[in-house]
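Chemist: Input file: target-v5.pdb. Contents: PDB, C-alpha atoms, pLDDT in the B column.
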ATOM      1  CA  MET A  18      55.463 -14.788 -86.467  1.00 53.00           C
ATOM      2  CA  ARG A  19      55.561 -17.122 -83.484  1.00 54.00           C
ATOM      3  CA  ARG A  20      56.826 -14.262 -81.308  1.00 57.00           C
ATOM      4  CA  TRP A  21      53.805 -12.037 -82.160  1.00 48.00           C
ATOM      5  CA  THR A  22      51.454 -14.921 -81.589  1.00 48.00           C
ATOM      6  CA  GLU A  23      52.899 -15.393 -78.108  1.00 56.00           C
ATOM      7  CA  VAL A  24      52.555 -11.659 -77.332  1.00 44.00           C
ATOM      8  CA  PHE A  25      48.922 -11.721 -78.471  1.00 39.00           C
ATOM      9  CA  ARG A  26      48.154 -14.650 -76.205  1.00 52.00           C
ATOM     10  CA  ARG A  27      49.807 -13.025 -73.206  1.00 54.00           C
ATOM     11  CA  VAL A  28      48.032  -9.650 -73.560  1.00 43.00           C
ATOM     12  CA  PHE A  29      44.569 -10.775 -74.558  1.00 42.00           C
ATOM     13  CA  GLY A  30      44.698 -13.814 -72.323  1.00 50.00           C
ATOM     14  CA  ARG A  31      45.075 -11.483 -69.369  1.00 49.00           C
ATOM     15  CA  LEU A  32      42.084  -9.412 -70.486  1.00 40.00           C
ATOM     16  CA  VAL A  33      39.915 -12.502 -70.802  1.00 42.00           C
ATOM     17  CA  LEU A  34      40.935 -13.631 -67.340  1.00 44.00           C
ATOM     18  CA  ALA A  35      40.284 -10.170 -65.845  1.00 46.00           C
ATOM     19  CA  ALA A  36      36.761  -9.769 -67.281  1.00 45.00           C
ATOM     20  CA  PRO A  37      35.056 -12.423 -65.131  1.00 50.00           C
ATOM     21  CA  LEU A  38      36.765 -10.948 -62.056  1.00 44.00           C
ATOM     22  CA  LEU A  39      35.350  -7.502 -62.868  1.00 41.00           C
ATOM     23  CA  VAL A  40      31.828  -8.876 -63.356  1.00 44.00           C
ATOM     24  CA  THR A  41      32.060 -10.830 -60.120  1.00 42.00           C
ATOM     25  CA  THR A  42      33.195  -7.733 -58.179  1.00 45.00           C
ATOM     26  CA  VAL A  43      30.298  -5.607 -59.478  1.00 44.00           C
ATOM     27  CA  ALA A  44      27.769  -8.348 -58.764  1.00 49.00           C
ATOM     28  CA  ALA A  45      29.110  -8.831 -55.243  1.00 50.00           C
ATOM     29  CA  ALA A  46      28.820  -5.106 -54.546  1.00 49.00           C
ATOM     30  CA  GLN A  47      25.189  -5.065 -55.695  1.00 55.00           C
ATOM     31  CA  GLN A  48      24.369  -8.047 -53.490  1.00 67.00           C
ATOM     32  CA  GLN A  49      25.604  -6.391 -50.305  1.00 92.00           C
ATOM     33  CA  ASP A  50      23.195  -5.212 -47.625  1.00 96.00           C
ATOM     34  CA  ALA A  51      21.857  -1.666 -47.860  1.00 98.00           C
ATOM     35  CA  ILE A  52      20.350   0.996 -45.605  1.00 98.00           C
ATOM     36  CA  TYR A  53      17.310   3.067 -46.554  1.00 98.00           C
ATOM     37  CA  ALA A  54      16.252   6.388 -45.118  1.00 98.00           C
ATOM     38  CA  VAL A  55      12.451   6.393 -44.942  1.00 98.00           C
ATOM     39  CA  THR A  56      10.323   9.535 -44.594  1.00 98.00           C
ATOM     40  CA  VAL A  57       6.607   9.107 -43.939  1.00 98.00           C
ATOM     41  CA  SER A  58       4.559  12.302 -44.329  1.00 98.00           C
ATOM     42  CA  LEU A  59       0.919  12.166 -43.188  1.00 98.00           C
ATOM     43  CA  ASN A  60      -1.648  14.904 -43.679  1.00 96.00           C
ATOM     44  CA  TRP A  61      -5.007  14.227 -42.035  1.00 95.00           C
ATOM     45  CA  SER A  62      -6.675  17.557 -42.682  1.00 92.00           C
ATOM     46  CA  GLU A  63      -9.420  19.145 -44.759  1.00 89.00           C
ATOM     47  CA  GLU A  64      -7.078  18.867 -47.743  1.00 87.00           C
ATOM     48  CA  THR A  65      -7.395  15.076 -47.708  1.00 88.00           C
ATOM     49  CA  ALA A  66     -10.586  14.388 -45.715  1.00 88.00           C
ATOM     50  CA  ALA A  67     -13.257  15.993 -43.579  1.00 85.00           C
ATOM     51  CA  ALA A  68     -11.999  18.016 -40.625  1.00 86.00           C
ATOM     52  CA  PRO A  69     -10.321  15.654 -38.135  1.00 90.00           C
ATOM     53  CA  PRO A  70     -12.155  15.074 -34.834  1.00 90.00           C
ATOM     54  CA  PRO A  71     -10.896  16.539 -31.548  1.00 90.00           C
ATOM     55  CA  GLY A  72      -7.835  14.729 -30.287  1.00 92.00           C
ATOM     56  CA  ALA A  73      -6.832  13.471 -33.722  1.00 94.00           C
ATOM     57  CA  HIS A  74      -3.404  11.816 -33.677  1.00 96.00           C
ATOM     58  CA  TRP A  75      -1.304   8.979 -35.060  1.00 98.00           C
ATOM     59  CA  SER A  76      -0.292   5.975 -32.988  1.00 98.00           C
ATOM     60  CA  ARG A  77       3.189   4.547 -32.806  1.00 98.00           C
ATOM     61  CA  LEU A  78       4.502   3.511 -36.217  1.00 98.00           C
ATOM     62  CA  ILE A  79       6.011   0.060 -36.642  1.00 98.00           C
ATOM     63  CA  ALA A  80       8.201  -0.652 -39.670  1.00 98.00           C
ATOM     64  CA  PHE A  81      10.245  -3.667 -40.717  1.00 98.00           C
ATOM     65  CA  ALA A  82      12.170  -5.343 -43.526  1.00 98.00           C
ATOM     66  CA  HIS A  83      11.030  -8.686 -44.891  1.00 98.00           C
ATOM     67  CA  SER A  84      11.132 -11.120 -47.788  1.00 98.00           C
ATOM     68  CA  ASP A  85       8.438 -11.933 -50.336  1.00 97.00           C
ATOM     69  CA  ARG A  86       7.277 -14.726 -48.017  1.00 97.00           C
ATOM     70  CA  TYR A  87       5.803 -12.276 -45.508  1.00 97.00           C
ATOM     71  CA  ALA A  88       3.044  -9.679 -45.962  1.00 97.00           C
ATOM     72  CA  LEU A  89       1.830  -7.069 -43.485  1.00 98.00           C
ATOM     73  CA  PHE A  90      -1.498  -6.672 -45.269  1.00 97.00           C
ATOM     74  CA  SER A  91      -3.136  -7.053 -48.647  1.00 96.00           C
ATOM     75  CA  ASP A  92      -6.419  -5.772 -50.047  1.00 95.00           C
ATOM     76  CA  GLY A  93      -8.973  -8.551 -49.572  1.00 95.00           C
ATOM     77  CA  ASP A  94      -6.959 -10.579 -47.045  1.00 96.00           C
ATOM     78  CA  THR A  95      -7.751 -10.900 -43.339  1.00 96.00           C
ATOM     79  CA  ALA A  96      -5.591  -8.854 -40.977  1.00 97.00           C
ATOM     80  CA  SER A  97      -3.368 -10.730 -38.557  1.00 97.00           C
ATOM     81  CA  SER A  98      -4.027 -10.333 -34.840  1.00 96.00           C
ATOM     82  CA  GLY A  99      -0.993  -8.074 -34.625  1.00 97.00           C
ATOM     83  CA  LEU A 100      -2.118  -5.711 -37.368  1.00 98.00           C
ATOM     84  CA  ALA A 101      -5.689  -5.707 -36.008  1.00 96.00           C
ATOM     85  CA  LEU A 102      -4.368  -4.590 -32.609  1.00 96.00           C
ATOM     86  CA  VAL A 103      -2.335  -1.785 -34.198  1.00 98.00           C
ATOM     87  CA  ALA A 104      -5.419  -0.646 -36.116  1.00 96.00           C
ATOM     88  CA  THR A 105      -7.850  -0.777 -33.162  1.00 95.00           C
ATOM     89  CA  ASN A 106      -5.778   0.721 -30.348  1.00 94.00           C
ATOM     90  CA  GLY A 107      -2.282   1.454 -31.637  1.00 96.00           C
ATOM     91  CA  ARG A 108      -0.534  -1.294 -29.684  1.00 97.00           C
ATOM     92  CA  THR A 109       2.393  -3.001 -31.417  1.00 98.00           C
ATOM     93  CA  THR A 110       3.260  -5.783 -28.947  1.00 97.00           C
ATOM     94  CA  VAL A 111       1.394  -8.608 -30.711  1.00 98.00           C
ATOM     95  CA  LEU A 112       2.689  -7.581 -34.133  1.00 98.00           C
ATOM     96  CA  GLU A 113       6.227  -7.514 -32.715  1.00 98.00           C
ATOM     97  CA  ALA A 114       5.701 -11.091 -31.491  1.00 98.00           C
ATOM     98  CA  GLU A 115       4.558 -12.067 -35.010  1.00 98.00           C
ATOM     99  CA  LEU A 116       7.666 -10.418 -36.444  1.00 98.00           C
ATOM    100  CA  ALA A 117       9.852 -12.362 -34.017  1.00 98.00           C
ATOM    101  CA  GLU A 118       8.372 -15.587 -35.375  1.00 97.00           C
ATOM    102  CA  GLY A 119       8.992 -14.298 -38.892  1.00 97.00           C
ATOM    103  CA  MET A 120      12.619 -13.627 -37.963  1.00 97.00           C
ATOM    104  CA  ARG A 121      12.966 -17.183 -36.692  1.00 97.00           C
ATOM    105  CA  ARG A 122      11.826 -18.387 -40.113  1.00 97.00           C
ATOM    106  CA  LYS A 123      14.204 -15.910 -41.817  1.00 96.00           C
ATOM    107  CA  ARG A 124      11.290 -14.087 -43.444  1.00 97.00           C
ATOM    108  CA  VAL A 125      11.614 -10.872 -41.412  1.00 98.00           C
ATOM    109  CA  GLY A 126      14.660  -8.692 -40.780  1.00 97.00           C
ATOM    110  CA  ALA A 127      15.203  -5.539 -38.763  1.00 97.00           C
ATOM    111  CA  HIS A 128      12.257  -3.630 -37.332  1.00 97.00           C
ATOM    112  CA  ILE A 129      11.712  -0.307 -35.574  1.00 98.00           C
ATOM    113  CA  VAL A 130       8.915   1.273 -33.519  1.00 98.00           C
ATOM    114  CA  LEU A 131       8.591   5.066 -33.477  1.00 98.00           C
ATOM    115  CA  PRO A 132       6.610   7.171 -30.975  1.00 97.00           C
ATOM    116  CA  GLY A 133       3.193   8.411 -32.059  1.00 97.00           C
ATOM    117  CA  SER A 134       2.464  11.975 -33.083  1.00 96.00           C
ATOM    118  CA  GLU A 135      -0.172  14.432 -31.880  1.00 95.00           C
ATOM    119  CA  GLY A 136      -2.365  16.192 -34.418  1.00 94.00           C
ATOM    120  CA  GLY A 137      -3.473  15.197 -37.886  1.00 94.00           C
ATOM    121  CA  GLN A 138      -0.196  16.102 -39.587  1.00 96.00           C
ATOM    122  CA  ALA A 139       2.854  14.008 -38.808  1.00 97.00           C
ATOM    123  CA  THR A 140       6.260  13.068 -40.133  1.00 98.00           C
ATOM    124  CA  PHE A 141       8.004   9.826 -39.225  1.00 98.00           C
ATOM    125  CA  ALA A 142      11.651   9.523 -40.290  1.00 98.00           C
ATOM    126  CA  PHE A 143      13.871   6.519 -39.728  1.00 98.00           C
ATOM    127  CA  GLU A 144      16.549   4.301 -41.255  1.00 98.00           C
ATOM    128  CA  LEU A 145      16.232   0.574 -41.781  1.00 98.00           C
ATOM    129  CA  PRO A 146      18.776  -1.997 -43.004  1.00 98.00           C
ATOM    130  CA  VAL A 147      17.726  -4.443 -45.709  1.00 98.00           C
ATOM    131  CA  THR A 148      19.341  -7.440 -47.379  1.00 97.00           C
ATOM    132  CA  PRO A 149      19.019  -8.963 -50.861  1.00 96.00           C
ATOM    133  CA  ARG A 150      16.785 -11.610 -49.292  1.00 95.00           C
ATOM    134  CA  GLN A 151      14.768  -9.324 -46.978  1.00 97.00           C
ATOM    135  CA  ASN A 152      14.413  -6.625 -49.590  1.00 98.00           C
ATOM    136  CA  ARG A 153      10.992  -5.152 -48.833  1.00 98.00           C
ATOM    137  CA  ILE A 154       9.794  -2.643 -46.221  1.00 98.00           C
ATOM    138  CA  SER A 155       6.344  -2.375 -44.649  1.00 98.00           C
ATOM    139  CA  PHE A 156       4.898  -0.164 -41.929  1.00 98.00           C
ATOM    140  CA  ALA A 157       1.611   0.737 -40.217  1.00 98.00           C
ATOM    141  CA  THR A 158       0.227   3.363 -37.845  1.00 98.00           C
ATOM    142  CA  MET A 159      -3.284   3.827 -36.448  1.00 97.00           C
ATOM    143  CA  LEU A 160      -5.411   6.798 -37.408  1.00 95.00           C
ATOM    144  CA  ALA A 161      -6.875   7.799 -34.032  1.00 95.00           C
ATOM    145  CA  PRO A 162      -9.473   8.095 -32.776  1.00 94.00           C
ATOM    146  CA  SER A 163     -11.118   5.543 -35.058  1.00 93.00           C
ATOM    147  CA  PRO A 164     -12.647   2.051 -34.874  1.00 94.00           C
ATOM    148  CA  ASP A 165      -9.859   0.189 -36.744  1.00 95.00           C
ATOM    149  CA  TRP A 166      -8.508   2.527 -39.387  1.00 95.00           C
ATOM    150  CA  PHE A 167      -4.839   2.657 -40.189  1.00 97.00           C
ATOM    151  CA  SER A 168      -2.372   3.904 -42.754  1.00 98.00           C
ATOM    152  CA  GLY A 169       0.661   2.106 -44.034  1.00 97.00           C
ATOM    153  CA  ILE A 170       2.525   0.435 -46.839  1.00 97.00           C
ATOM    154  CA  SER A 171       2.894  -3.289 -47.443  1.00 98.00           C
ATOM    155  CA  GLY A 172       5.924  -4.774 -49.155  1.00 97.00           C
ATOM    156  CA  VAL A 173       7.647  -1.993 -51.099  1.00 98.00           C
ATOM    157  CA  LEU A 174      10.318  -3.780 -53.159  1.00 98.00           C
ATOM    158  CA  LEU A 175      13.726  -2.104 -53.050  1.00 98.00           C
ATOM    159  CA  TYR A 176      15.868  -4.699 -54.867  1.00 97.00           C
ATOM    160  CA  GLU A 177      15.211  -5.308 -58.554  1.00 93.00           C
ATOM    161  CA  ASN A 178      17.269  -6.910 -61.321  1.00 92.00           C
ATOM    162  CA  ASP A 179      20.032  -7.741 -58.834  1.00 92.00           C
ATOM    163  CA  ALA A 180      20.455  -4.083 -57.870  1.00 96.00           C
ATOM    164  CA  TRP A 181      19.253  -1.751 -55.125  1.00 97.00           C
ATOM    165  CA  VAL A 182      16.787   0.959 -56.149  1.00 97.00           C
ATOM    166  CA  ASP A 183      18.056   4.459 -55.354  1.00 97.00           C
ATOM    167  CA  ARG A 184      14.702   6.104 -54.619  1.00 98.00           C
ATOM    168  CA  VAL A 185      11.056   5.084 -54.375  1.00 98.00           C
ATOM    169  CA  GLU A 186       8.040   7.285 -53.613  1.00 98.00           C
ATOM    170  CA  ARG A 187       4.543   5.940 -52.913  1.00 98.00           C
ATOM    171  CA  PRO A 188       1.173   7.409 -51.886  1.00 97.00           C
ATOM    172  CA  ILE A 189      -0.264   6.371 -48.515  1.00 97.00           C
ATOM    173  CA  TRP A 190      -3.939   5.530 -48.105  1.00 96.00           C
ATOM    174  CA  VAL A 191      -6.300   4.939 -45.190  1.00 96.00           C
ATOM    175  CA  TRP A 192      -7.303   1.312 -44.677  1.00 97.00           C
ATOM    176  CA  ASP A 193     -10.039  -0.465 -42.742  1.00 95.00           C
ATOM    177  CA  ALA A 194      -8.638  -3.473 -40.878  1.00 96.00           C
ATOM    178  CA  GLY A 195     -12.007  -5.279 -40.781  1.00 94.00           C
ATOM    179  CA  ALA A 196     -11.692  -5.858 -37.031  1.00 92.00           C
ATOM    180  CA  ASP A 197     -14.177  -3.335 -35.579  1.00 88.00           C
ATOM    181  CA  SER A 198     -17.627  -2.340 -36.843  1.00 83.00           C
ATOM    182  CA  GLY A 199     -17.783   0.991 -35.028  1.00 80.00           C
ATOM    183  CA  PRO A 200     -19.521   3.521 -37.278  1.00 75.00           C
ATOM    184  CA  ASP A 201     -17.473   6.612 -36.562  1.00 78.00           C
ATOM    185  CA  PHE A 202     -14.384   8.098 -34.962  1.00 79.00           C
ATOM    186  CA  GLU A 203     -15.510   7.927 -31.342  1.00 74.00           C
ATOM    187  CA  GLY A 204     -18.217   5.267 -31.496  1.00 70.00           C
ATOM    188  CA  PRO A 205     -18.281   2.266 -29.159  1.00 73.00           C
ATOM    189  CA  ASN A 206     -15.997  -0.681 -29.808  1.00 75.00           C
ATOM    190  CA  LEU A 207     -17.904  -3.297 -31.809  1.00 77.00           C
ATOM    191  CA  PRO A 208     -15.549  -6.200 -32.560  1.00 80.00           C
ATOM    192  CA  THR A 209     -16.301  -7.691 -35.965  1.00 85.00           C
ATOM    193  CA  GLN A 210     -16.926 -11.454 -35.820  1.00 81.00           C
ATOM    194  CA  PRO A 211     -15.815 -13.065 -37.962  1.00 85.00           C
ATOM    195  CA  ARG A 212     -13.146 -10.582 -38.901  1.00 83.00           C
ATOM    196  CA  GLN A 213     -13.640  -9.054 -42.353  1.00 90.00           C
ATOM    197  CA  SER A 214     -10.996  -8.445 -44.984  1.00 95.00           C
ATOM    198  CA  VAL A 215      -8.663  -5.460 -45.124  1.00 97.00           C
ATOM    199  CA  ARG A 216      -9.870  -2.875 -47.614  1.00 96.00           C
ATOM    200  CA  LEU A 217      -9.460   0.764 -48.566  1.00 95.00           C
ATOM    201  CA  LEU A 218     -11.533   2.924 -46.242  1.00 93.00           C
ATOM    202  CA  SER A 219     -14.652   4.309 -47.928  1.00 86.00           C
ATOM    203  CA  HIS A 220     -16.032   6.214 -44.923  1.00 87.00           C
ATOM    204  CA  PRO A 221     -17.783   9.476 -45.983  1.00 87.00           C
ATOM    205  CA  SER A 222     -15.235  11.532 -44.052  1.00 88.00           C
ATOM    206  CA  PHE A 223     -12.551  10.410 -46.512  1.00 87.00           C
ATOM    207  CA  LEU A 224     -14.540  10.622 -49.742  1.00 84.00           C
ATOM    208  CA  ARG A 225     -14.210  13.634 -52.006  1.00 80.00           C
ATOM    209  CA  ALA A 226     -16.114  14.420 -55.185  1.00 78.00           C
ATOM    210  CA  SER A 227     -13.141  13.010 -57.099  1.00 79.00           C
ATOM    211  CA  GLY A 228     -13.059   9.866 -54.942  1.00 83.00           C
ATOM    212  CA  LEU A 229     -10.595   8.712 -52.298  1.00 87.00           C
ATOM    213  CA  ARG A 230      -7.448  10.738 -51.841  1.00 89.00           C
ATOM    214  CA  PRO A 231      -4.104   9.656 -50.395  1.00 94.00           C
ATOM    215  CA  ILE A 232      -3.518  10.831 -46.868  1.00 96.00           C
ATOM    216  CA  GLY A 233       0.231  11.082 -47.287  1.00 97.00           C
ATOM    217  CA  THR A 234       3.389   9.943 -49.025  1.00 98.00           C
ATOM    218  CA  VAL A 235       6.424   7.848 -48.203  1.00 98.00           C
ATOM    219  CA  VAL A 236       9.894   8.194 -49.701  1.00 98.00           C
ATOM    220  CA  PHE A 237      12.594   5.498 -49.559  1.00 98.00           C
ATOM    221  CA  GLU A 238      16.131   6.667 -50.327  1.00 98.00           C
ATOM    222  CA  ARG A 239      19.198   4.473 -50.342  1.00 98.00           C
ATOM    223  CA  ARG A 240      21.982   5.771 -48.094  1.00 94.00           C
TER     224      ARG A 240
END
If you convert what's in this file into structure tokens, what do you get?

Modeler:
Amino acid sequence: MRRWTEVFRRVFGRLVLAAPLLVTTVAAAQQQDAIYAVTVSLNWSEETAAAPPPGAHWSRLIAFAHSDRYALFSDGDTASSGLALVATNGRTTVLEAELAEGMRRKRVGAHIVLPGSEGGQATFAFELPVTPRQNRISFATMLAPSPDWFSGISGVLLYENDAWVDRVERPIWVWDAGADSGPDFEGPNLPTQPRQSVRLLSHPSFLRASGLRPIGTVVFERR
């Protein structure tokens, strides 16, 4: 009897000791950094809005990873100087400086800037590394020509329940940055003082009988 008791302890004792090791290994794998392939598809055409004006194009696109302590934009909030500059003339330099400060505070991770695209239809494709702490991705590009209209995504969460999400797809809308009061695509620059809040664009050119329509989609896929 004592011999079988000893065998039981040896066999099942090993299993008990191995279980925590297995759990720890799985958890550690889930907490590793990840890379996401991001595909941004934009369609500024009569399918989504009124016919684009002559010279319609998209500015450079800036994208970055960040934590929940940083936000590129939010409906009802005031745009940062960096986002306002992207929205009014497509320049990313000030926003990059803001991201550098965010990196210093460990709120922002890797970022990338892609060349702009001629025409109303465009595809931006890139890869971006993320970490369990900097587990969101945001991006923005100017709809041009326009006063301060842009498209983008703010803070798509890719890490939930201690695990990386395999695939996320989101619609992309046109936003008004609240930084320029120009009435139309090629109107004069009329800086808005004080700056108004960011909001979904309700310009007649983007209104359909059914309401506002997305101007594109973005897909995030874990590599």

Chemist: Smallest atom-to-atom distance to A:Ala82: which of A:Tyr176, A:Trp61, A:Trp190, A:Phe167, using only C-alpha atoms?

Modeler: A:Tyr176

Chemist: I would like the residues chosen by the PyMOL selection byres ((chain A and resi 155) around 7) on the shown file; could you give them as a list in words?

Modeler: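 Those residues are Ala80, Phe81, Ala82, Leu89, Arg153, Ile154, Phe156, Ile170, Ser171, Gly172 and Val173 of chain A.
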
Chemist: Please determine, counting all atoms listed in the file, which residue among A:Val185, A:Ala226, A:Val215, A:Met159 has the shortest atom-to-atom distance to A:Tyr53.

Modeler: A:Val185

Chemist: Between atom CA of A:Gln210 and atom CA of A:Pro164, what is the distance, to one decimal in Å?

Modeler: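 A separation of 14.2 Å between them.
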
Chemist: Closest to A:Ile52 among A:Asp179, A:Arg184, A:Asn206, A:Leu145, using all atoms listed in the file?

Modeler: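 Of all the options, A:Leu145 lies closest to A:Ile52.
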
Chemist: Would you place a box with edges along x, y and z of the file around all atoms of stretch 58-77 of chain A listed there, add 3 Å to each of its six sides, and report the centre and edge lengths in Å to one decimal, as AutoDock Vina command-line options?

Modeler:
--center_x -4.3 --center_y 11.8 --center_z -39.0 --size_x 23.8 --size_y 20.6 --size_z 23.5

Chemist: Would you list the contacts of A:Phe143 as a list of chain:residue names, taking every protein, DNA or RNA residue within 10 Å and counting only C-alpha atoms, but skipping same-chain residues closer than 2 positions in sequence?

Modeler: A:Tyr53, A:Ala54, A:Val55, A:Thr56, A:Val57, A:Ala80, A:Ile129, A:Val130, A:Leu131, A:Phe141, A:Leu145, A:Phe237

Chemist: What is the atom CA of A:Ser97 to atom CA of A:Ala196 distance in Å?

Modeler: 9.8 Å

Chemist: For A:Pro149, which residue among A:Leu175, A:Ile189, A:Leu229, A:Ala127 is the nearest when counting all atoms listed in the file?

Modeler: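 Using all atoms listed in the file, the shortest distance to A:Pro149 belongs to A:Leu175.
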
Chemist: So which one's closest to A:Thr105, A:Ala142, A:Leu160, A:Val125, A:Leu174? Using all atoms listed in the file, please.

Modeler: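 Closest to A:Thr105, using all atoms listed in the file: A:Leu160.
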
Chemist: Would you translate the PyMOL selection byres ((chain A and resi 166) around 6) into the concrete set of residues it matches in this file, as an mmCIF file with C-alpha atoms, in the frame of the given file?

Modeler:
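Output below, filename result.cif:
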data_model
loop_
_atom_site.group_PDB
_atom_site.id
_atom_site.type_symbol
_atom_site.label_atom_id
_atom_site.label_comp_id
_atom_site.auth_asym_id
_atom_site.auth_seq_id
_atom_site.Cartn_x
_atom_site.Cartn_y
_atom_site.Cartn_z
ATOM 1 C CA ALA A 104 -5.419 -0.646 -36.116
ATOM 2 C CA LEU A 160 -5.411 6.798 -37.408
ATOM 3 C CA SER A 163 -11.118 5.543 -35.058
ATOM 4 C CA ASP A 165 -9.859 0.189 -36.744
ATOM 5 C CA PHE A 167 -4.839 2.657 -40.189
ATOM 6 C CA TRP A 192 -7.303 1.312 -44.677
ATOM 7 C CA ASP A 193 -10.039 -0.465 -42.742
#

Chemist: In Å, how far is it from atom CA of A:Trp181 to atom CA of A:Arg124?

Modeler: 18.8 Å

Chemist: With distances taken over only C-alpha atoms, which residue among A:Leu78, A:Arg216, A:Pro221, A:Lys123 lies nearest A:Thr110?

Modeler: A:Leu78

Chemist: For this structure, which residues satisfy the selection - the PyMOL selection byres ((chain A and resi 66) around 9) - when it is evaluated on the file as given? I want them as a CSV table (one decimal) with C-alpha atoms, in the coordinates of the input.

Modeler:
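Final output, result_10.csv:
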chain,number,residue,atom,x,y,z
A,61,TRP,CA,-5.0,14.2,-42.0
A,62,SER,CA,-6.7,17.6,-42.7
A,63,GLU,CA,-9.4,19.1,-44.8
A,64,GLU,CA,-7.1,18.9,-47.7
A,65,THR,CA,-7.4,15.1,-47.7
A,67,ALA,CA,-13.3,16.0,-43.6
A,68,ALA,CA,-12.0,18.0,-40.6
A,69,PRO,CA,-10.3,15.7,-38.1
A,221,PRO,CA,-17.8,9.5,-46.0
A,222,SER,CA,-15.2,11.5,-44.1
A,223,PHE,CA,-12.6,10.4,-46.5
A,224,LEU,CA,-14.5,10.6,-49.7
A,225,ARG,CA,-14.2,13.6,-52.0
A,229,LEU,CA,-10.6,8.7,-52.3
A,230,ARG,CA,-7.4,10.7,-51.8
A,232,ILE,CA,-3.5,10.8,-46.9
